[in-house]
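Here's structure.pdb, which has PDB, C-alpha atoms:
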ATOM      1  CA  MET A1108      -1.535 -10.074 -54.323
ATOM      2  CA  ILE A1109      -3.983 -11.740 -51.954
ATOM      3  CA  ARG A1110      -1.297 -14.106 -50.681
ATOM      4  CA  LYS A1111       0.926 -11.104 -50.025
ATOM      5  CA  ASN A1112      -1.851  -9.422 -48.031
ATOM      6  CA  VAL A1113      -2.437 -12.604 -46.066
ATOM      7  CA  PHE A1114       1.263 -12.786 -45.243
ATOM      8  CA  ILE A1115       1.368  -9.143 -44.096
ATOM      9  CA  ILE A1116      -1.733  -9.495 -41.917
ATOM     10  CA  GLY A1117      -0.420 -12.726 -40.425
ATOM     11  CA  LEU A1118       2.882 -11.026 -39.644
ATOM     12  CA  ILE A1119       1.064  -8.155 -37.921
ATOM     13  CA  ALA A1120      -0.969 -10.633 -35.863
ATOM     14  CA  LEU A1121       2.207 -12.447 -34.823
ATOM     15  CA  ILE A1122       3.858  -9.178 -33.776
ATOM     16  CA  SER A1123       0.790  -8.133 -31.771
ATOM     17  CA  ILE A1124       0.741 -11.451 -29.918
ATOM     18  CA  SER A1125       4.466 -11.343 -29.155
ATOM     19  CA  TRP A1126       4.150  -7.709 -27.991
ATOM     20  CA  SER A1127       1.564  -8.736 -25.419
ATOM     21  CA  CYS A1128       3.922 -11.288 -23.839
ATOM     22  CA  VAL A1129       5.709 -10.339 -20.613
ATOM     23  CA  SER A1130       9.306 -11.433 -20.155
ATOM     24  CA  TYR A1131      10.312 -13.584 -17.175
ATOM     25  CA  LYS A1132      12.782 -10.919 -16.041
ATOM     26  CA  LYS A1133      10.058  -8.293 -15.775
ATOM     27  CA  MET A1134       7.910 -10.621 -13.642
ATOM     28  CA  THR A1135      10.580 -11.729 -11.127
ATOM     29  CA  TYR A1136      11.046 -10.109  -7.709
ATOM     30  CA  LEU A1137      14.361  -9.585  -5.865
ATOM     31  CA  GLN A1138      16.727 -10.379  -8.707
ATOM     32  CA  ALA A1139      20.504 -10.396  -8.316
ATOM     33  CA  LEU A1140      21.828  -6.896  -7.716
ATOM     34  CA  ASP A1141      24.375  -7.049 -10.535
ATOM     35  CA  LYS A1142      21.560  -7.630 -13.028
ATOM     36  CA  VAL A1143      19.267  -4.843 -11.859
ATOM     37  CA  ASN A1144      19.417  -1.086 -12.166
ATOM     38  CA  ASN A1145      20.263  -0.158  -8.585
ATOM     39  CA  SER A1146      19.985   3.611  -8.965
ATOM     40  CA  ILE A1147      16.509   4.133  -7.467
ATOM     41  CA  ILE A1148      17.244   3.286  -3.840
ATOM     42  CA  PRO A1149      20.921   2.718  -3.033
ATOM     43  CA  ALA A1150      21.590  -0.150  -0.653
ATOM     44  CA  SER A1151      23.442   0.735   2.517
ATOM     45  CA  SER A1152      24.388  -1.527   5.375
ATOM     46  CA  GLY A1153      23.983   1.442   7.710
ATOM     47  CA  ILE A1154      20.234   1.787   7.093
ATOM     48  CA  THR A1155      17.924   0.418   9.767
ATOM     49  CA  PRO A1156      14.448  -0.196   8.306
ATOM     50  CA  ILE A1157      11.775   1.730  10.171
ATOM     51  CA  THR A1158       8.584   0.015  11.340
ATOM     52  CA  PRO A1159       5.137   1.217  12.476
ATOM     53  CA  ALA A1160       6.502   1.240  16.037
ATOM     54  CA  ASP A1161       8.635   4.202  14.896
ATOM     55  CA  TYR A1162       5.621   6.075  13.518
ATOM     56  CA  LYS A1163       5.300   9.560  14.982
ATOM     57  CA  VAL A1164       1.822  10.932  15.451
ATOM     58  CA  MET A1165       0.805  13.867  13.264
ATOM     59  CA  PRO A1166      -2.081  16.349  13.184
ATOM     60  CA  TYR A1167      -5.406  14.816  12.117
ATOM     61  CA  ASP A1168      -4.404  11.350  13.312
ATOM     62  CA  ILE A1169      -7.000   9.660  15.521
ATOM     63  CA  LEU A1170      -5.895   8.034  18.773
ATOM     64  CA  TYR A1171      -7.916   5.489  20.688
ATOM     65  CA  ILE A1172      -7.096   5.796  24.389
ATOM     66  CA  ARG A1173      -8.541   3.505  27.026
ATOM     67  CA  VAL A1174      -7.939   3.695  30.756
ATOM     68  CA  ILE A1175      -8.097   0.208  32.271
ATOM     69  CA  THR A1176      -8.806   0.146  35.996
ATOM     70  CA  PRO A1177     -10.686  -2.203  38.359
ATOM     71  CA  ASP A1178     -12.621   0.779  39.692
ATOM     72  CA  PRO A1179     -15.764   1.039  37.490
ATOM     73  CA  GLN A1180     -16.343   4.629  38.567
ATOM     74  CA  TRP A1181     -13.007   5.816  37.192
ATOM     75  CA  SER A1182     -13.375   3.577  34.169
ATOM     76  CA  SER A1183     -16.725   5.086  33.184
ATOM     77  CA  LEU A1184     -15.354   8.585  33.794
ATOM     78  CA  PHE A1185     -12.504   8.310  31.296
ATOM     79  CA  ASN A1186     -13.837   5.754  28.811
ATOM     80  CA  ALA A1187     -16.712   5.936  26.360
ATOM     81  CA  ASP A1188     -19.358   3.224  26.667
ATOM     82  CA  LEU A1189     -18.798   0.870  23.729
ATOM     83  CA  GLY A1190     -21.733  -1.387  24.590
ATOM     84  CA  SER A1191     -21.708  -5.157  24.281
ATOM     85  CA  ALA A1192     -19.971  -5.098  20.882
ATOM     86  CA  GLY A1193     -16.613  -4.255  22.432
ATOM     87  CA  ILE A1194     -13.819  -2.459  20.620
ATOM     88  CA  THR A1195     -14.143  -2.332  16.840
ATOM     89  CA  GLN A1196     -12.332  -0.120  14.363
ATOM     90  CA  GLU A1197     -15.522   1.898  13.861
ATOM     91  CA  SER A1198     -16.227   2.361  17.569
ATOM     92  CA  ALA A1199     -12.587   3.255  18.205
ATOM     93  CA  ALA A1200     -12.829   5.957  15.535
ATOM     94  CA  LEU A1201     -16.017   7.387  17.034
ATOM     95  CA  SER A1202     -14.642   7.463  20.569
ATOM     96  CA  GLY A1203     -11.088   8.392  19.582
ATOM     97  CA  TYR A1204      -9.238  11.656  20.011
ATOM     98  CA  THR A1205      -8.348  13.593  16.862
ATOM     99  CA  VAL A1206      -4.994  15.351  16.990
ATOM    100  CA  ASP A1207      -5.591  19.019  16.257
ATOM    101  CA  VAL A1208      -3.550  21.145  13.863
ATOM    102  CA  GLU A1209      -1.253  22.221  16.703
ATOM    103  CA  GLY A1210      -0.541  18.616  17.696
ATOM    104  CA  PHE A1211      -2.730  18.357  20.821
ATOM    105  CA  ILE A1212      -5.552  16.107  21.986
ATOM    106  CA  GLU A1213      -7.985  17.097  24.717
ATOM    107  CA  ILE A1214      -9.051  14.497  27.280
ATOM    108  CA  PRO A1215     -12.018  15.319  29.547
ATOM    109  CA  TYR A1216     -11.019  16.113  33.155
ATOM    110  CA  VAL A1217      -7.352  16.033  32.124
ATOM    111  CA  GLY A1218      -6.978  18.814  29.578
ATOM    112  CA  LYS A1219      -4.824  19.316  26.513
ATOM    113  CA  ILE A1220      -1.879  16.999  25.919
ATOM    114  CA  GLU A1221       0.717  17.459  23.197
ATOM    115  CA  VAL A1222       1.188  14.226  21.239
ATOM    116  CA  ALA A1223       2.427  15.233  17.773
ATOM    117  CA  GLY A1224       5.939  14.081  16.983
ATOM    118  CA  LYS A1225       5.782  11.221  19.496
ATOM    119  CA  THR A1226       5.489   7.470  19.008
ATOM    120  CA  LEU A1227       2.581   5.536  20.510
ATOM    121  CA  SER A1228       4.966   4.098  23.093
ATOM    122  CA  GLU A1229       6.081   7.582  24.131
ATOM    123  CA  ILE A1230       2.464   8.759  24.361
ATOM    124  CA  LYS A1231       1.581   5.757  26.534
ATOM    125  CA  THR A1232       4.462   6.560  28.909
ATOM    126  CA  GLN A1233       3.299  10.177  29.018
ATOM    127  CA  LEU A1234      -0.301   9.180  29.812
ATOM    128  CA  ASP A1235       0.816   6.632  32.429
ATOM    129  CA  SER A1236       2.494   9.463  34.304
ATOM    130  CA  ILE A1237      -0.534  11.766  33.978
ATOM    131  CA  PHE A1238      -3.190   9.246  35.025
ATOM    132  CA  LYS A1239      -1.238   8.154  38.096
ATOM    133  CA  ASN A1240      -2.410  11.445  39.580
ATOM    134  CA  TYR A1241      -5.984  10.172  39.254
ATOM    135  CA  VAL A1242      -5.833   6.374  39.511
ATOM    136  CA  SER A1243      -2.760   4.673  40.945
ATOM    137  CA  ASP A1244      -3.421   1.249  39.426
ATOM    138  CA  ALA A1245      -4.524   2.348  35.944
ATOM    139  CA  ALA A1246      -3.167   0.768  32.777
ATOM    140  CA  ILE A1247      -3.276   2.809  29.583
ATOM    141  CA  MET A1248      -3.981   1.479  26.099
ATOM    142  CA  VAL A1249      -3.060   3.679  23.122
ATOM    143  CA  ARG A1250      -3.820   2.764  19.516
ATOM    144  CA  LEU A1251      -3.681   4.563  16.198
ATOM    145  CA  VAL A1252      -7.147   4.338  14.654
ATOM    146  CA  ASN A1253      -6.211   5.433  11.128
ATOM    147  CA  ASN A1254      -3.746   2.541  10.890
ATOM    148  CA  TYR A1255      -4.251   1.709   7.217
ATOM    149  CA  VAL A1256      -2.283   1.216   4.032
ATOM    150  CA  SER A1257      -3.837   1.910   0.631
ATOM    151  CA  VAL A1258      -2.754  -0.091  -2.424
ATOM    152  CA  ILE A1259      -3.833   1.337  -5.772
ATOM    153  CA  GLY A1260      -2.942   1.173  -9.441
ATOM    154  CA  GLU A1261      -2.151  -1.994 -11.368
ATOM    155  CA  VAL A1262      -2.938  -4.566  -8.671
ATOM    156  CA  ASN A1263      -5.547  -7.312  -8.651
ATOM    157  CA  LEU A1264      -7.504  -6.146  -5.573
ATOM    158  CA  PRO A1265      -6.922  -2.426  -4.945
ATOM    159  CA  GLY A1266      -8.178  -1.099  -1.647
ATOM    160  CA  ARG A1267      -7.442   0.129   1.870
ATOM    161  CA  PHE A1268      -6.180  -2.445   4.349
ATOM    162  CA  LEU A1269      -5.826  -2.428   8.124
ATOM    163  CA  LEU A1270      -2.295  -2.936   9.445
ATOM    164  CA  THR A1271      -2.766  -5.834  11.832
ATOM    165  CA  LYS A1272       0.844  -6.378  12.867
ATOM    166  CA  ASP A1273       3.868  -4.290  13.804
ATOM    167  CA  ARG A1274       5.969  -5.265  10.803
ATOM    168  CA  LEU A1275       4.270  -5.482   7.421
ATOM    169  CA  SER A1276       6.539  -5.450   4.382
ATOM    170  CA  VAL A1277       5.692  -3.875   1.052
ATOM    171  CA  PHE A1278       5.478  -7.398  -0.408
ATOM    172  CA  GLU A1279       2.896  -8.413   2.207
ATOM    173  CA  ALA A1280       0.903  -5.248   1.468
ATOM    174  CA  LEU A1281       0.889  -6.125  -2.233
ATOM    175  CA  ALA A1282      -0.161  -9.670  -1.330
ATOM    176  CA  MET A1283      -3.191  -8.280   0.530
ATOM    177  CA  ALA A1284      -4.086  -6.494  -2.712
ATOM    178  CA  GLY A1285      -3.829  -9.726  -4.686
ATOM    179  CA  ASP A1286      -0.257  -8.993  -5.881
ATOM    180  CA  ALA A1287       0.841  -6.713  -8.706
ATOM    181  CA  GLY A1288      -1.198  -7.261 -11.862
ATOM    182  CA  ASP A1289       0.053  -8.739 -15.125
ATOM    183  CA  TYR A1290       0.299  -5.261 -16.642
ATOM    184  CA  SER A1291       2.119  -3.639 -13.709
ATOM    185  CA  ASN A1292       5.609  -2.247 -14.096
ATOM    186  CA  ARG A1293       7.365  -4.065 -11.263
ATOM    187  CA  HIS A1294      10.386  -1.825 -11.732
ATOM    188  CA  ARG A1295       8.295   1.245 -10.873
ATOM    189  CA  ILE A1296       6.425   0.922  -7.594
ATOM    190  CA  ARG A1297       5.759   4.149  -5.728
ATOM    191  CA  ILE A1298       5.092   4.805  -2.064
ATOM    192  CA  ILE A1299       3.523   8.055  -0.913
ATOM    193  CA  ARG A1300       4.312   8.474   2.775
ATOM    194  CA  PRO A1301       2.923  11.297   4.932
ATOM    195  CA  THR A1302       5.461  13.012   7.182
ATOM    196  CA  PRO A1303       5.287  16.042   9.506
ATOM    197  CA  ASN A1304       6.961  18.043   6.711
ATOM    198  CA  GLY A1305       4.544  16.905   4.019
ATOM    199  CA  PRO A1306       4.149  13.783   1.880
ATOM    200  CA  VAL A1307       7.268  12.034   0.578
ATOM    201  CA  LEU A1308       7.228  10.211  -2.765
ATOM    202  CA  ARG A1309       9.651   7.324  -3.295
ATOM    203  CA  GLU A1310       9.993   4.947  -6.214
ATOM    204  CA  PHE A1311      11.712   1.563  -6.293
ATOM    205  CA  SER A1312      11.906  -1.727  -8.162
ATOM    206  CA  LEU A1313      10.494  -4.971  -6.782
ATOM    207  CA  ALA A1314      13.266  -6.756  -8.665
ATOM    208  CA  ASP A1315      15.965  -4.953  -6.688
ATOM    209  CA  ARG A1316      17.175  -6.684  -3.534
ATOM    210  CA  SER A1317      18.311  -3.381  -2.064
ATOM    211  CA  ILE A1318      14.681  -2.697  -1.123
ATOM    212  CA  LEU A1319      15.299  -5.100   1.787
ATOM    213  CA  LEU A1320      17.648  -2.491   3.274
ATOM    214  CA  SER A1321      15.478   0.501   2.440
ATOM    215  CA  ASP A1322      13.454   2.584   4.874
ATOM    216  CA  MET A1323      10.506   1.842   2.581
ATOM    217  CA  TYR A1324      10.625  -1.941   3.057
ATOM    218  CA  TYR A1325       8.195  -1.885   5.979
ATOM    219  CA  VAL A1326       4.854  -0.201   5.405
ATOM    220  CA  MET A1327       3.940   2.684   7.694
ATOM    221  CA  PRO A1328       0.448   3.858   8.722
ATOM    222  CA  ASN A1329      -1.306   5.874   6.008
ATOM    223  CA  ASP A1330       1.135   4.832   3.280
ATOM    224  CA  VAL A1331      -0.201   4.740  -0.276
ATOM    225  CA  ILE A1332       1.393   2.132  -2.551
ATOM    226  CA  TYR A1333       0.924   2.812  -6.253
ATOM    227  CA  ALA A1334       1.714   0.109  -8.814
ATOM    228  CA  ILE A1335       2.406   1.909 -12.084
ATOM    229  CA  PRO A1336       1.070   0.192 -15.238
ATOM    230  CA  ARG A1337       3.410  -0.609 -18.103
ATOM    231  CA  ARG A1338       3.216   1.634 -21.169
ATOM    232  CA  SER A1339       2.111  -1.291 -23.282
ATOM    233  CA  LYS A1340      -1.059  -1.799 -21.207
ATOM    234  CA  SER A1341      -3.193   0.318 -23.541
ATOM    235  CA  PHE A1342      -2.169  -1.932 -26.416
ATOM    236  CA  GLN A1343      -2.471  -5.144 -24.426
ATOM    237  CA  VAL A1344      -5.972  -4.354 -23.195
ATOM    238  CA  ASN A1345      -7.135  -4.234 -26.798
ATOM    239  CA  SER A1346      -4.839  -6.993 -28.091
ATOM    240  CA  SER A1347      -7.536  -9.675 -27.908
ATOM    241  CA  ALA A1348      -9.918  -7.547 -29.965
ATOM    242  CA  TRP A1349      -7.182  -6.853 -32.519
ATOM    243  CA  THR A1350      -6.297 -10.553 -32.647
ATOM    244  CA  ILE A1351      -9.924 -11.510 -33.325
ATOM    245  CA  LEU A1352     -10.203  -8.846 -36.034
ATOM    246  CA  LEU A1353      -6.964  -9.864 -37.724
ATOM    247  CA  THR A1354      -7.898 -13.544 -37.529
ATOM    248  CA  THR A1355     -11.267 -12.823 -39.145
ATOM    249  CA  VAL A1356      -9.713 -10.757 -41.938
ATOM    250  CA  THR A1357      -6.993 -13.357 -42.520
ATOM    251  CA  SER A1358      -9.561 -16.148 -42.700
ATOM    252  CA  ALA A1359     -11.713 -14.158 -45.110
ATOM    253  CA  LEU A1360      -8.763 -13.444 -47.402
ATOM    254  CA  GLY A1361      -7.735 -17.090 -47.221
ATOM    255  CA  ILE A1362     -11.210 -18.211 -48.292
ATOM    256  CA  ILE A1363     -11.227 -15.707 -51.164
ATOM    257  CA  ALA A1364      -7.790 -16.886 -52.283
ATOM    258  CA  PHE A1365      -8.962 -20.508 -52.161
ATOM    259  CA  PHE A1366     -12.021 -19.910 -54.359
ATOM    260  CA  ARG A1367      -9.981 -17.902 -56.863
ATOM    261  CA  THR A1368      -7.693 -20.848 -57.385
ATOM    262  CA  LEU A1369     -10.631 -23.098 -58.331
TER     263      LEU A1369
END

For this file, write the structure as structure tokens.
Amino acid sequence: MIRKNVFIIGLIALISISWSCVSYKKMTYLQALDKVNNSIIPASSGITPITPADYKVMPYDILYIRVITPDPQWSSLFNADLGSAGITQESAALSGYTVDVEGFIEIPYVGKIEVAGKTLSEIKTQLDSIFKNYVSDAAIMVRLVNNYVSVIGEVNLPGRFLLTKDRLSVFEALAMAGDAGDYSNRHRIRIIRPTPNGPVLREFSLADRSILLSDMYYVMPNDVIYAIPRRSKSFQVNSSAWTILLTTVTSALGIIAFFRTL
């Protein structure tokens, strides 16, 4: 009877250990298309991936605008004094212009300017034309202050990260967060993307090569990437405790069985 119990407990321990293992296929990115469920995001050769350069400003965005001119009088008139520290993300936020709910910013001595629905390049061209009426040799710098991507869920280093280049792929964003964790479901990665018509939720598989042709391949400002955990995580988190318990019980039963045979 004791030997039977030992066998059953050992079998349960073996099953629990094997259950906690992750297959190679589930861990591999960009697998061959014919081996992957391609129904989440269909590949299309006609899709041109969008980049942050295509981002259109929305209400509540913060724009940092700097007028660069050799005339210190005009420069001090249009620009906030940032002190000796220069431009930092914090100072840019404090001196930036928040887009109001109607899509306008208000610049002192210039007035209200509609910016919603325009790219940063289009806004720069618009401001170049406006400021020529004040300073003929002015150069305009326009930046998006809230230029972040948030990576949450089953990743090793969740957090909010500054987009430091024009083209940042979803794989690079995950790399900044320490990559998807061991318990993440790499076939279910979600991106929440704000748009003028409200947030858009998309889901895709990191194992599917068609993501390379998707409009979600490049991260956009204010994107939220959510790595969904696998269903087995709740079991795997406690698997070590169960393994220790089962090992202890098995050892105890083995010792009892040994002494009974004496």

(request) Quote the spacing between atom CA of A:Pro1177 and atom CA of A:Ile1212 in Å to one decimal place. (result)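 It comes out at 25.1 Å.
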
(request) Have a look at atom CA of A:Thr1158 and atom CA of A:Ala1287 and let me know their distance in Å, one decimal. (result)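 Rounded to one decimal, the two atoms are 22.5 Å apart.
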
The PyMOL selection byres ((chain A and resi 1163) around 7) applied to the shown file, residues as a short mmCIF file (atom, residue, chain, number, x, y, z; two decimals) with C-alpha atoms, keeping the file's coordinate frame:
data_model
loop_
_atom_site.label_atom_id
_atom_site.label_comp_id
_atom_site.auth_asym_id
_atom_site.auth_seq_id
_atom_site.Cartn_x
_atom_site.Cartn_y
_atom_site.Cartn_z
CA ASP A 1161 8.64 4.20 14.90
CA TYR A 1162 5.62 6.08 13.52
CA VAL A 1164 1.82 10.93 15.45
CA MET A 1165 0.80 13.87 13.26
CA ALA A 1223 2.43 15.23 17.77
CA GLY A 1224 5.94 14.08 16.98
CA LYS A 1225 5.78 11.22 19.50
CA THR A 1226 5.49 7.47 19.01
#

(message) One decimal, in Å: what's the spacing between atom CA of A:Ala1246 and atom CA of A:Tyr1216?
(response)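 Interatomic distance, atom CA of A:Ala1246 to atom CA of A:Tyr1216: 17.2 Å.
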
(request) Rank nothing, just name the residue among A:Pro1159, A:Leu1264, A:Val1331, A:His1294 nearest to A:Ala1282, using only C-alpha atoms. (result)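 Closest to A:Ala1282, using only C-alpha atoms: A:Leu1264.
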
(request) Between A:Pro1179, A:Pro1336, A:Pro1328, A:Pro1306, single out the one closest to A:Tyr1290, counting only C-alpha atoms. (result)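 Ranking A:Pro1179, A:Pro1336, A:Pro1328, A:Pro1306 by distance to A:Tyr1290, first place goes to A:Pro1336.
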
(message) Ranking A:Ile1169, A:Val1307, A:Ile1332, A:Met1323 by minimum distance to A:Leu1281 and counting all atoms listed in the file, which one comes first?
(response)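 Distance minimum relative to A:Leu1281 lands on A:Ile1332.
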
(message) Counting only C-alpha atoms, which residue out of A:Ser1276, A:Met1327, A:Arg1338, A:Val1256 sits closest to A:Ser1291?
(response)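 Smallest distance to A:Ser1291 is found for A:Arg1338.
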
(request) Rank A:Asp1286, A:Asp1273, A:Asp1330, A:Glu1229 by their smallest atom-to-atom distance to A:Ser1257, using all atoms listed in the file, and report the top residue only. (result)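 That would be A:Asp1330, the residue with the smallest distance to A:Ser1257.
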